[in-house]
file my_file04.tsv (TSV, C-alpha atoms)
chain	number	residue	atom	x	y	z
U	138	MET	CA	6.52	-1.33	-30.55
U	139	ARG	CA	9.13	-4.00	-29.79
U	140	LEU	CA	10.10	-5.50	-26.45
U	141	ARG	CA	13.88	-5.84	-26.58
U	142	ARG	CA	14.65	-6.85	-23.00
U	143	ILE	CA	12.71	-8.06	-19.99
U	144	THR	CA	14.06	-8.65	-16.49
U	145	LEU	CA	12.03	-10.38	-13.78
U	146	GLN	CA	12.65	-10.87	-10.09
U	147	HIS	CA	10.46	-12.92	-7.73
U	148	PHE	CA	7.60	-12.94	-10.25
U	149	ARG	CA	5.52	-16.07	-9.52
U	150	ASN	CA	7.92	-19.03	-9.92
U	151	ILE	CA	10.60	-16.96	-11.69
U	152	ALA	CA	13.27	-16.10	-9.12
U	153	PHE	CA	15.30	-14.14	-11.66
U	154	ALA	CA	15.44	-13.87	-15.43
U	155	ASP	CA	17.14	-11.39	-17.74
U	156	LEU	CA	16.21	-11.99	-21.39
U	157	GLU	CA	17.18	-10.09	-24.53
U	158	PHE	CA	15.08	-10.43	-27.69
U	159	ASN	CA	16.25	-10.05	-31.28
U	160	GLY	CA	13.96	-10.15	-34.28
U	161	ARG	CA	10.20	-10.13	-34.04
U	162	GLN	CA	9.30	-13.73	-33.06
U	163	GLN	CA	10.19	-15.39	-29.76
U	164	PHE	CA	8.99	-18.83	-28.66
U	165	PHE	CA	9.11	-20.30	-25.13
U	166	VAL	CA	8.88	-24.06	-25.12
U	167	GLY	CA	8.58	-26.48	-22.20
U	168	ASP	CA	6.24	-28.67	-20.20
U	169	ASN	CA	3.19	-27.23	-18.50
U	170	GLY	CA	3.71	-25.52	-15.15
U	171	GLN	CA	7.34	-24.46	-15.81
U	172	GLY	CA	6.82	-20.69	-16.11
U	173	LYS	CA	6.06	-20.00	-19.77
U	174	THR	CA	2.73	-18.29	-19.07
U	175	ASN	CA	4.25	-16.42	-16.12
U	176	LEU	CA	6.71	-14.79	-18.50
U	177	LEU	CA	3.88	-13.72	-20.83
U	178	GLU	CA	1.89	-12.49	-17.85
U	179	ALA	CA	4.76	-10.22	-16.85
U	180	ALA	CA	5.15	-8.90	-20.40
U	181	GLY	CA	1.40	-8.27	-20.65
U	182	PHE	CA	1.27	-6.54	-17.27
U	183	VAL	CA	2.86	-3.44	-18.78
U	184	SER	CA	-0.24	-2.68	-20.88
U	185	ALA	CA	-2.63	-1.54	-18.13
U	186	LEU	CA	-0.75	-2.60	-14.98
U	187	ARG	CA	-3.12	-5.54	-14.62
U	188	SER	CA	-2.63	-9.26	-15.05
U	189	PHE	CA	-4.66	-11.11	-17.67
U	190	ARG	CA	-4.98	-14.00	-15.18
U	191	THR	CA	-5.82	-12.44	-11.81
U	192	ALA	CA	-7.02	-9.19	-10.26
U	193	GLU	CA	-4.85	-9.69	-7.15
U	194	THR	CA	-1.34	-8.25	-7.34
U	195	LYS	CA	-0.11	-10.18	-4.32
U	196	ILE	CA	-0.53	-13.48	-6.20
U	197	LEU	CA	2.15	-12.36	-8.65
U	198	ILE	CA	4.79	-12.11	-5.91
U	199	ALA	CA	6.78	-15.29	-5.28
U	200	HIS	CA	5.96	-17.11	-2.07
U	201	GLY	CA	7.98	-15.82	0.85
U	202	GLN	CA	9.05	-12.61	-0.91
U	203	SER	CA	8.00	-9.06	-0.02
U	204	GLU	CA	7.97	-7.72	-3.57
U	205	ALA	CA	8.42	-8.57	-7.23
U	206	ALA	CA	9.84	-6.51	-10.06
U	207	VAL	CA	9.45	-6.31	-13.84
U	208	ALA	CA	11.80	-4.20	-15.98
U	209	CYS	CA	11.40	-3.79	-19.74
U	210	GLU	CA	13.21	-2.01	-22.53
U	211	PHE	CA	11.15	-1.09	-25.58
U	212	GLU	CA	11.73	0.30	-29.05
U	213	HIS	CA	8.74	2.60	-29.24
U	214	GLU	CA	7.23	4.41	-32.22
U	215	LYS	CA	6.59	7.57	-30.23
U	216	LEU	CA	8.97	7.40	-27.26
U	217	GLY	CA	12.08	5.89	-28.86
U	218	VAL	CA	14.13	3.56	-26.66
U	219	THR	CA	12.18	3.50	-23.40
U	220	LYS	CA	12.84	1.77	-20.10
U	221	LEU	CA	10.04	0.76	-17.77
U	222	VAL	CA	10.35	-0.52	-14.19
U	223	ILE	CA	7.42	-1.89	-12.17
U	224	LYS	CA	7.65	-2.95	-8.51
U	225	LEU	CA	4.84	-5.04	-7.09
U	226	ARG	CA	4.01	-5.22	-3.41
U	227	PRO	CA	1.01	-6.77	-1.61
U	228	GLY	CA	-0.40	-3.29	-1.05
U	229	GLY	CA	0.11	-1.91	-4.54
U	230	LYS	CA	2.67	-1.10	-7.22
U	231	GLU	CA	5.17	1.55	-8.25
U	232	VAL	CA	6.00	2.43	-11.84
U	233	TRP	CA	8.93	4.33	-13.34
U	234	CYS	CA	9.21	5.27	-17.02
U	235	ASP	CA	12.68	6.42	-18.09
U	236	GLY	CA	13.55	7.18	-14.50
U	237	GLU	CA	10.43	9.25	-13.75
U	238	LYS	CA	7.84	7.91	-11.34
U	239	VAL	CA	4.35	7.52	-12.80
U	240	THR	CA	1.89	9.05	-10.33
U	241	ARG	CA	-1.33	8.99	-12.36
U	242	LEU	CA	-2.60	5.87	-14.10
U	243	GLY	CA	-4.35	8.06	-16.64
U	244	ASP	CA	-0.99	9.43	-17.79
U	245	TYR	CA	0.28	5.89	-18.35
U	246	LEU	CA	-2.60	4.12	-20.08
U	247	GLY	CA	-2.18	3.52	-23.80
U	248	ARG	CA	1.60	3.91	-23.89
U	249	PHE	CA	2.55	0.22	-24.02
U	250	PRO	CA	-0.34	-1.77	-25.54
U	251	ALA	CA	-0.20	-5.56	-25.41
U	252	VAL	CA	-2.75	-8.19	-26.44
U	253	VAL	CA	-2.80	-11.73	-25.05
U	254	PHE	CA	-4.11	-14.66	-27.09
U	255	SER	CA	-4.79	-17.42	-24.57
U	256	SER	CA	-5.96	-21.02	-24.73
U	257	GLN	CA	-8.55	-19.95	-22.13
U	258	ASP	CA	-10.11	-17.37	-24.47
U	259	GLN	CA	-12.84	-19.82	-25.45
U	260	GLN	CA	-14.46	-18.96	-22.12
U	261	LEU	CA	-15.14	-15.48	-23.48
U	262	ILE	CA	-17.83	-17.14	-25.56
U	263	ARG	CA	-18.94	-19.94	-23.24
U	264	GLY	CA	-18.14	-18.63	-19.77
U	265	ALA	CA	-19.81	-16.33	-17.28
U	266	PRO	CA	-20.73	-12.71	-18.10
U	267	SER	CA	-18.12	-11.51	-15.59
U	268	LEU	CA	-15.35	-12.76	-17.92
U	269	ARG	CA	-16.71	-10.75	-20.84
U	270	ARG	CA	-17.20	-7.65	-18.70
U	271	ARG	CA	-13.62	-7.92	-17.44
U	272	TRP	CA	-12.32	-8.17	-21.02
U	273	LEU	CA	-14.42	-5.20	-22.12
U	274	ASP	CA	-13.47	-3.04	-19.14
U	275	PHE	CA	-9.78	-3.88	-19.59
U	276	THR	CA	-9.88	-3.10	-23.31
U	277	LEU	CA	-11.69	0.23	-23.03
U	278	ALA	CA	-9.91	1.42	-19.87
U	279	ALA	CA	-6.49	0.64	-21.37
U	280	MET	CA	-7.06	3.28	-24.04
U	281	ASP	CA	-9.47	5.75	-22.40
U	282	THR	CA	-8.82	7.48	-19.09
U	283	SER	CA	-12.38	8.78	-18.96
U	284	TYR	CA	-13.72	5.23	-19.20
U	285	LEU	CA	-11.47	4.13	-16.35
U	286	GLN	CA	-12.72	7.05	-14.24
U	287	ALA	CA	-16.35	6.22	-15.02
U	288	LEU	CA	-15.78	2.57	-14.11
U	289	GLN	CA	-14.09	3.48	-10.83
U	290	ALA	CA	-16.79	6.01	-9.92
U	291	TYR	CA	-19.56	3.48	-10.54
U	292	HIS	CA	-17.97	0.71	-8.48
U	293	LYS	CA	-17.17	3.12	-5.64
U	294	ALA	CA	-20.80	4.28	-5.51
U	295	LEU	CA	-22.03	0.70	-5.85
U	296	ALA	CA	-19.87	-0.44	-2.92
U	297	GLU	CA	-21.23	2.39	-0.77
U	298	ARG	CA	-24.85	1.50	-1.54
U	299	ASN	CA	-24.21	-2.19	-0.90
U	300	ALA	CA	-22.63	-1.33	2.46
U	301	LEU	CA	-25.82	0.54	3.40
U	302	LEU	CA	-27.97	-2.38	2.29
U	303	LYS	CA	-25.96	-4.78	4.43
U	304	ARG	CA	-26.53	-2.69	7.55
U	305	VAL	CA	-30.25	-2.23	6.71
U	306	ALA	CA	-30.15	1.56	6.26
U	307	GLU	CA	-33.30	3.64	5.98
U	308	ALA	CA	-34.82	4.53	2.62
U	309	GLY	CA	-33.83	8.19	2.90
U	310	GLU	CA	-30.19	7.37	3.44
U	311	LEU	CA	-30.24	4.95	0.53
U	312	ALA	CA	-31.85	7.57	-1.71
U	313	ALA	CA	-29.02	10.01	-0.97
U	314	PHE	CA	-26.40	7.45	-2.03
U	315	GLU	CA	-28.38	6.40	-5.08
U	316	ARG	CA	-27.99	9.82	-6.72
U	317	PRO	CA	-24.22	9.51	-7.35
U	318	LEU	CA	-24.70	5.84	-8.25
U	319	ALA	CA	-27.32	6.78	-10.85
U	320	ALA	CA	-25.07	9.44	-12.39
U	321	ALA	CA	-22.17	6.99	-12.55
U	322	ALA	CA	-24.39	4.25	-14.05
U	323	ALA	CA	-25.58	6.56	-16.83
U	324	ASP	CA	-22.04	7.67	-17.64
U	325	LEU	CA	-20.57	4.18	-17.60
U	326	GLN	CA	-23.25	2.56	-19.72
U	327	ALA	CA	-23.08	5.32	-22.33
U	328	LYS	CA	-19.32	4.91	-22.61
U	329	ARG	CA	-19.68	1.12	-22.80
U	330	ALA	CA	-22.23	1.34	-25.59
U	331	ALA	CA	-19.98	3.66	-27.61
U	332	GLY	CA	-16.93	1.48	-26.99
U	333	VAL	CA	-18.69	-1.74	-28.00
U	334	ALA	CA	-20.05	-0.10	-31.16
U	335	GLU	CA	-16.48	0.81	-32.13
U	336	LEU	CA	-15.10	-2.63	-31.28
U	337	ALA	CA	-17.89	-4.38	-33.21
U	338	GLY	CA	-16.56	-3.12	-36.53
U	339	HIS	CA	-13.09	-4.46	-35.73
U	340	VAL	CA	-14.54	-7.86	-34.75
U	341	THR	CA	-16.53	-8.19	-37.98
U	342	ALA	CA	-13.51	-7.27	-40.12
U	343	ALA	CA	-11.15	-9.65	-38.28
U	344	TYR	CA	-13.58	-12.57	-38.49
U	345	GLU	CA	-13.93	-12.07	-42.25
U	346	GLN	CA	-10.15	-12.44	-42.59
U	347	ILE	CA	-9.98	-15.62	-40.52
U	348	SER	CA	-13.10	-17.34	-41.86
U	349	ASP	CA	-12.69	-16.28	-45.51
U	350	ASP	CA	-16.11	-14.54	-45.45
U	351	ALA	CA	-17.90	-17.76	-44.55
U	352	GLU	CA	-20.37	-15.94	-42.29
U	353	ARG	CA	-20.75	-12.51	-40.67
U	354	ALA	CA	-19.77	-12.08	-37.02
U	355	GLY	CA	-21.16	-9.42	-34.73
U	356	LEU	CA	-20.72	-7.97	-31.26
U	357	ARG	CA	-23.15	-5.91	-29.21
U	358	LEU	CA	-23.64	-4.78	-25.64
U	359	ALA	CA	-26.27	-6.80	-23.76
U	360	PRO	CA	-27.10	-4.49	-20.84
U	361	ASP	CA	-28.66	-5.85	-17.68
U	362	LEU	CA	-30.95	-2.79	-17.69
U	363	THR	CA	-31.11	0.39	-19.70
U	364	ALA	CA	-32.07	3.90	-18.65
U	365	GLU	CA	-31.92	7.12	-20.62
U	366	ASN	CA	-30.12	9.30	-18.09
U	367	ALA	CA	-29.15	9.72	-14.45
U	368	ALA	CA	-32.70	10.60	-13.40
U	369	ALA	CA	-34.02	7.42	-15.02
U	370	TRP	CA	-31.32	5.37	-13.30
U	371	ALA	CA	-32.27	6.92	-9.96
U	372	GLY	CA	-35.81	5.72	-10.62
U	373	VAL	CA	-34.54	2.21	-11.35
U	374	PHE	CA	-32.60	2.00	-8.09
U	375	ALA	CA	-35.54	3.42	-6.12
U	376	LYS	CA	-37.91	0.91	-7.72
U	377	ASN	CA	-35.59	-2.00	-6.89
U	378	ARG	CA	-34.85	-0.81	-3.36
U	379	GLY	CA	-37.21	-3.24	-1.61
U	380	ARG	CA	-35.80	-6.27	-3.40
U	381	ASP	CA	-32.23	-5.06	-2.87
U	382	GLN	CA	-32.93	-4.59	0.84
U	383	GLN	CA	-34.18	-8.15	0.99
U	384	PHE	CA	-31.01	-9.54	-0.61
U	385	ARG	CA	-28.77	-6.85	0.94
U	386	THR	CA	-27.04	-6.11	-2.34
U	387	THR	CA	-27.72	-4.21	-5.56
U	388	ILE	CA	-29.17	-6.85	-7.84
U	389	ALA	CA	-29.38	-4.94	-11.11
U	390	GLY	CA	-27.23	-2.37	-12.90
U	391	PRO	CA	-24.24	-1.97	-15.22
U	392	HIS	CA	-22.24	-4.35	-13.00
U	393	ARG	CA	-24.38	-7.08	-14.54
U	394	ASP	CA	-23.96	-6.05	-18.20
U	395	ASP	CA	-22.89	-8.65	-20.75
U	396	LEU	CA	-21.58	-8.90	-24.31
U	397	ALA	CA	-23.39	-10.82	-27.04
U	398	PHE	CA	-21.47	-12.48	-29.88
U	399	THR	CA	-23.38	-13.38	-33.02
U	400	LEU	CA	-22.86	-15.30	-36.25
U	401	GLU	CA	-25.33	-14.30	-38.95
U	402	GLU	CA	-27.39	-12.59	-36.22
U	403	ARG	CA	-27.68	-15.83	-34.18
U	404	ALA	CA	-26.13	-16.35	-30.76
U	405	ALA	CA	-22.63	-17.76	-31.29
U	406	ARG	CA	-22.69	-19.47	-27.91
U	407	ASP	CA	-25.75	-21.53	-28.86
U	408	PHE	CA	-25.42	-21.97	-32.62
U	409	GLY	CA	-21.71	-21.63	-33.41
U	410	SER	CA	-19.64	-24.73	-34.13
U	411	GLU	CA	-16.38	-25.43	-32.30
U	412	GLY	CA	-14.40	-24.05	-35.23
U	413	GLN	CA	-16.60	-20.96	-35.56
U	414	GLN	CA	-16.27	-20.19	-31.86
U	415	ARG	CA	-12.47	-20.54	-32.04
U	416	SER	CA	-12.41	-18.17	-35.00
U	417	LEU	CA	-14.62	-15.73	-33.12
U	418	VAL	CA	-12.38	-15.51	-30.06
U	419	LEU	CA	-9.35	-15.00	-32.32
U	420	ALA	CA	-11.29	-12.25	-34.09
U	421	LEU	CA	-12.04	-10.69	-30.72
U	422	ARG	CA	-8.34	-10.52	-29.88
U	423	LEU	CA	-7.43	-9.26	-33.34
U	424	ALA	CA	-10.09	-6.59	-32.89
U	425	GLN	CA	-8.33	-5.64	-29.67
U	426	VAL	CA	-5.06	-5.33	-31.62
U	427	SER	CA	-6.52	-3.00	-34.26
U	428	PHE	CA	-8.46	-1.02	-31.62
U	429	PHE	CA	-5.29	-0.45	-29.59
U	430	ARG	CA	-3.28	0.51	-32.68
U	431	GLU	CA	-5.97	2.93	-33.82
U	432	ARG	CA	-6.36	4.56	-30.42
U	433	ALA	CA	-2.71	4.65	-29.33
U	434	GLY	CA	-0.92	4.97	-32.65
U	435	VAL	CA	1.37	2.16	-31.48
U	436	GLU	CA	1.67	-1.43	-32.72
U	437	PRO	CA	0.73	-3.66	-29.76
U	438	LEU	CA	2.95	-6.43	-28.47
U	439	LEU	CA	1.29	-9.79	-29.26
U	440	LEU	CA	1.47	-12.55	-26.66
U	441	ALA	CA	0.21	-15.99	-27.71
U	442	ASP	CA	-0.15	-18.43	-24.82
U	443	ASP	CA	-0.36	-22.02	-26.08
U	444	VAL	CA	-2.81	-21.26	-28.90
U	445	LEU	CA	-0.96	-22.23	-32.09
U	446	GLY	CA	-1.24	-25.98	-31.54
U	447	GLU	CA	-5.01	-25.79	-31.04
U	448	LEU	CA	-5.75	-24.44	-34.52
U	449	ASP	CA	-6.21	-26.56	-37.63
U	450	PRO	CA	-3.69	-25.80	-40.42
U	451	THR	CA	-6.06	-23.67	-42.50
U	452	ARG	CA	-7.23	-21.53	-39.60
U	453	ARG	CA	-3.66	-21.22	-38.31
U	454	ARG	CA	-2.41	-19.91	-41.68
U	455	ARG	CA	-5.23	-17.40	-41.95
U	456	PHE	CA	-4.75	-16.24	-38.37
U	457	TRP	CA	-1.00	-15.86	-38.88
U	458	ALA	CA	-1.51	-13.91	-42.10
U	459	THR	CA	-3.63	-11.34	-40.23
U	460	LEU	CA	-0.78	-10.62	-37.80
U	461	GLY	CA	1.34	-9.08	-40.55
U	462	VAL	CA	5.11	-9.02	-40.78
U	463	GLU	CA	5.86	-6.05	-38.53
U	464	ARG	CA	4.33	-6.92	-35.17
U	465	GLN	CA	6.34	-8.68	-32.50
U	466	VAL	CA	4.92	-12.02	-31.39
U	467	ILE	CA	6.00	-13.81	-28.21
U	468	ALA	CA	4.46	-17.27	-28.03
U	469	THR	CA	4.51	-20.36	-25.82
U	470	GLY	CA	3.87	-24.06	-26.33
U	471	THR	CA	4.85	-27.54	-25.31
U	472	SER	CA	6.35	-28.18	-28.77
U	473	LEU	CA	7.88	-25.95	-31.43
U	474	PRO	CA	5.61	-24.33	-34.04
U	475	ASP	CA	5.49	-25.37	-37.68
U	476	ALA	CA	8.29	-24.10	-39.90
U	477	GLU	CA	5.72	-22.35	-42.12
U	478	LEU	CA	5.21	-19.78	-39.36
U	479	GLY	CA	8.72	-18.42	-39.86
U	480	ALA	CA	11.94	-18.29	-37.84
U	481	TRP	CA	11.74	-18.10	-34.04
U	482	GLU	CA	14.16	-17.15	-31.32
U	483	VAL	CA	13.64	-20.12	-28.98
U	484	PHE	CA	13.93	-20.32	-25.19
U	485	ASN	CA	13.60	-23.58	-23.28
U	486	VAL	CA	11.74	-23.18	-19.98
U	487	GLU	CA	12.13	-25.42	-16.96
U	488	GLY	CA	11.34	-24.64	-13.31
U	489	GLY	CA	11.19	-20.89	-13.84
U	490	THR	CA	14.54	-20.73	-15.65
U	491	PHE	CA	15.15	-19.89	-19.31
U	492	ALA	CA	17.81	-21.18	-21.70
U	493	LYS	CA	18.20	-19.63	-25.11
U	494	GLU	CA	18.55	-21.97	-28.08
U	495	ALA	CA	19.50	-21.31	-31.69
U	496	VAL	CA	17.00	-19.61	-33.95
U	497	VAL	CA	14.76	-22.21	-35.62

call {"tool": "encode", "arguments": {"input": "my_file04.tsv", "output": "structure tokens"}}
result
Amino acid sequence: MRLRRITLQHFRNIAFADLEFNGRQQFFVGDNGQGKTNLLEAAGFVSALRSFRTAETKILIAHGQSEAAVACEFEHEKLGVTKLVIKLRPGGKEVWCDGEKVTRLGDYLGRFPAVVFSSQDQQLIRGAPSLRRRWLDFTLAAMDTSYLQALQAYHKALAERNALLKRVAEAGELAAFERPLAAAAADLQAKRAAGVAELAGHVTAAYEQISDDAERAGLRLAPDLTAENAAAWAGVFAKNRGRDQQFRTTIAGPHRDDLAFTLEERAARDFGSEGQQRSLVLALRLAQVSFFRERAGVEPLLLADDVLGELDPTRRRRFWATLGVERQVIATGTSLPDAELGAWEVFNVEGGTFAKEAVV
């Protein structure tokens, strides 16, 4: 898949931009805070209609404006030349694909895969479990409607139980709401376990390419709790009811699951070096690329946000070699990339405006 044109209006600090892309490598260069990442954010939004930076759509709309818009034209392996229009409003979004309004998210997911490599990805190793859960949920939901439905069902049931806990409901009322929560918990955790098992193979293979087989990387689900089925989950919630009533929230469940990254079966967060951890987060994103391609049958759009300058020359060459020569890469930085990474179509970015330069 190739992004050939993107048009933005009132998207963060970009009042208006209409950019055409030729070739497979585009680079946006400029000082920090000028709008480079905002452009990548808009391009990445098409994947699952979610930002890789925030869960709040209203933040994407420029201050003082009632809506923002993103329009893209793709060369697509399955759909041919395809035009996509997304309108963002504080209360939601509207999506049109080739002039037809998209009414069901499930019909849309997987059509336009994109993977973002960010300088903040290191937090996927070092940061809070919520960051890893968000990455996992985004990755699996982007390619699997049933996973998205399971995730939504669980969080809906969880919110209902938490509302009862906050108003100090009786045990009988809580028990009635715990039944759908237990069913949703069993479904979600089973789908997560299967998804992580599939992703783990991609992570191991990608890390071998980047690290030249120096050590073996692994990925596994680290559940907050496990239960065999819905009945067992109902027992878990009933057992924890007294504690949850005390804190007025559901303390334990799939909403507290985590991911564990390993190097030679040891925790990467505790035992991995700086270089090993950088290689691991790159492997995680490359795993996302191969997972999306395998599931969707479409080459994902690759978006690299200020990551090239952070890699040492050897790791940068190995990482670049894994990207292949067919995939489109749109990258950002405060200075131009090394010539060894090929020719780039360059855009200078300043104050939310974009000026195209000669190919370098």

call {"tool": "residues_near_point", "arguments": {"input": "my_file04.tsv", "point": "(-22.1, -3.5, -0.2)", "cutoff": "12 Å", "atoms": "only C-alpha atoms", "output": "list of chain:residue names"}}
result
U:His292, U:Lys293, U:Ala294, U:Leu295, U:Ala296, U:Glu297, U:Arg298, U:Asn299, U:Ala300, U:Leu301, U:Leu302, U:Lys303, U:Arg304, U:Val305, U:Ala306, U:Leu311, U:Phe314, U:Asp381, U:Gln382, U:Phe384, U:Arg385, U:Thr386, U:Thr387, U:Ile388

call {"tool": "residues_near_point", "arguments": {"input": "my_file04.tsv", "point": "(10.8, -3.6, -27.9)", "cutoff": "6 Å", "atoms": "all atoms listed in the file", "output": "PDB file with C-alpha atoms, in the coordinates of the input"}}
result
ATOM      1  CA  MET U 138       6.520  -1.330 -30.550  1.00  0.00           C
ATOM      2  CA  ARG U 139       9.130  -4.000 -29.790  1.00  0.00           C
ATOM      3  CA  LEU U 140      10.100  -5.500 -26.450  1.00  0.00           C
ATOM      4  CA  ARG U 141      13.880  -5.840 -26.580  1.00  0.00           C
ATOM      5  CA  PHE U 211      11.150  -1.090 -25.580  1.00  0.00           C
ATOM      6  CA  GLU U 212      11.730   0.300 -29.050  1.00  0.00           C
TER       7      GLU U 212
END

call {"tool": "residues_around", "arguments": {"input": "my_file04.tsv", "residues": "Arg329 of chain U", "least_positions_apart": "3", "cutoff": "9 Å", "atoms": "all atoms listed in the file", "output": "VMD selection string"}}
result
chain U and resid 273 to 274 277 284 324 to 326 332 to 334 358

call {"tool": "write_last_selection", "arguments": {"input": "my_file04.tsv", "atoms": "C-alpha atoms", "output": "compact mmCIF listing (two decimals), keeping the file's coordinate frame"}}
result
# COMPACT_ATOMS: atom_id res chain seq x y z
CA LEU U 273 -14.42 -5.20 -22.12
CA ASP U 274 -13.47 -3.04 -19.14
CA LEU U 277 -11.69 0.23 -23.03
CA TYR U 284 -13.72 5.23 -19.20
CA ASP U 324 -22.04 7.67 -17.64
CA LEU U 325 -20.57 4.18 -17.60
CA GLN U 326 -23.25 2.56 -19.72
CA GLY U 332 -16.93 1.48 -26.99
CA VAL U 333 -18.69 -1.74 -28.00
CA ALA U 334 -20.05 -0.10 -31.16
CA LEU U 358 -23.64 -4.78 -25.64

call {"tool": "closest_residue", "arguments": {"input": "my_file04.tsv", "among": "U:Leu268, U:Ala192, U:Ala154, U:Ala290", "to": "Ala321 of chain U", "atoms": "only C-alpha atoms"}}
result
U:Ala290

call {"tool": "closest_residue", "arguments": {"input": "my_file04.tsv", "among": "U:Thr363, U:Gln414, U:Thr282, U:Gln202", "to": "Ala319 of chain U", "atoms": "all atoms listed in the file"}}
result
U:Thr363

call {"tool": "closest_residue", "arguments": {"input": "my_file04.tsv", "among": "U:Arg263, U:Lys493, U:Arg187, U:Arg452", "to": "Asp349 of chain U", "atoms": "all atoms listed in the file"}}
result
U:Arg452

call {"tool": "residues_around", "arguments": {"input": "my_file04.tsv", "residues": "Leu197 of chain U", "least_positions_apart": "5", "cutoff": "8 Å", "atoms": "all atoms listed in the file", "output": "number ranges by chain"}}
result
U: 148-149, 205, 225

call {"tool": "residues_around", "arguments": {"input": "my_file04.tsv", "residues": "Ser188 of chain U", "least_positions_apart": "6", "cutoff": "7 Å", "atoms": "all atoms listed in the file", "output": "PyMOL selection string"}}
result
chain U and resi 178+181-182

call {"tool": "write_last_selection", "arguments": {"input": "my_file04.tsv", "atoms": "C-alpha atoms", "output": "PDB file, in the coordinates of the input"}}
result
ATOM      1  CA  GLU U 178       1.890 -12.490 -17.850  1.00  0.00           C
ATOM      2  CA  GLY U 181       1.400  -8.270 -20.650  1.00  0.00           C
ATOM      3  CA  PHE U 182       1.270  -6.540 -17.270  1.00  0.00           C
TER       4      PHE U 182
END

call {"tool": "atom_distance", "arguments": {"input": "my_file04.tsv", "atom1": "atom CA of Leu356 of chain U", "atom2": "atom CA of Val340 of chain U"}}
result
7.1 Å

call {"tool": "atom_distance", "arguments": {"input": "my_file04.tsv", "atom1": "atom CA of Phe254 of chain U", "atom2": "atom CA of Ala424 of chain U"}}
result
11.6 Å

call {"tool": "atom_distance", "arguments": {"input": "my_file04.tsv", "atom1": "atom CA of Glu193 of chain U", "atom2": "atom CA of Leu318 of chain U"}}
result
25.2 Å

call {"tool": "axis_aligned_box", "arguments": {"input": "my_file04.tsv", "around": "segment 151-170 of chain U", "padding_each_side": "4 Å", "output": "AutoDock Vina command-line options"}}
result
--center_x 10.2 --center_y -19.4 --center_z -21.7 --size_x 22.0 --size_y 26.6 --size_z 33.2

call {"tool": "closest_residue", "arguments": {"input": "my_file04.tsv", "among": "U:Ala375, U:Leu419, U:Ala354, U:Val253", "to": "Arg453 of chain U", "atoms": "all atoms listed in the file"}}
result
U:Leu419

call {"tool": "closest_residue", "arguments": {"input": "my_file04.tsv", "among": "U:Leu285, U:Leu246, U:Ala180, U:Ile347", "to": "Val466 of chain U", "atoms": "only C-alpha atoms"}}
result
U:Ala180

call {"tool": "closest_residue", "arguments": {"input": "my_file04.tsv", "among": "U:Glu487, U:Asp281, U:Asp361, U:Asp475", "to": "Lys173 of chain U", "atoms": "all atoms listed in the file"}}
result
U:Glu487

call {"tool": "residues_around", "arguments": {"input": "my_file04.tsv", "residues": "Asp155 of chain U", "least_positions_apart": "4", "cutoff": "8 Å", "atoms": "all atoms listed in the file", "output": "JSON, numbers by chain"}}
result
{"U": [142, 143, 144, 145]}
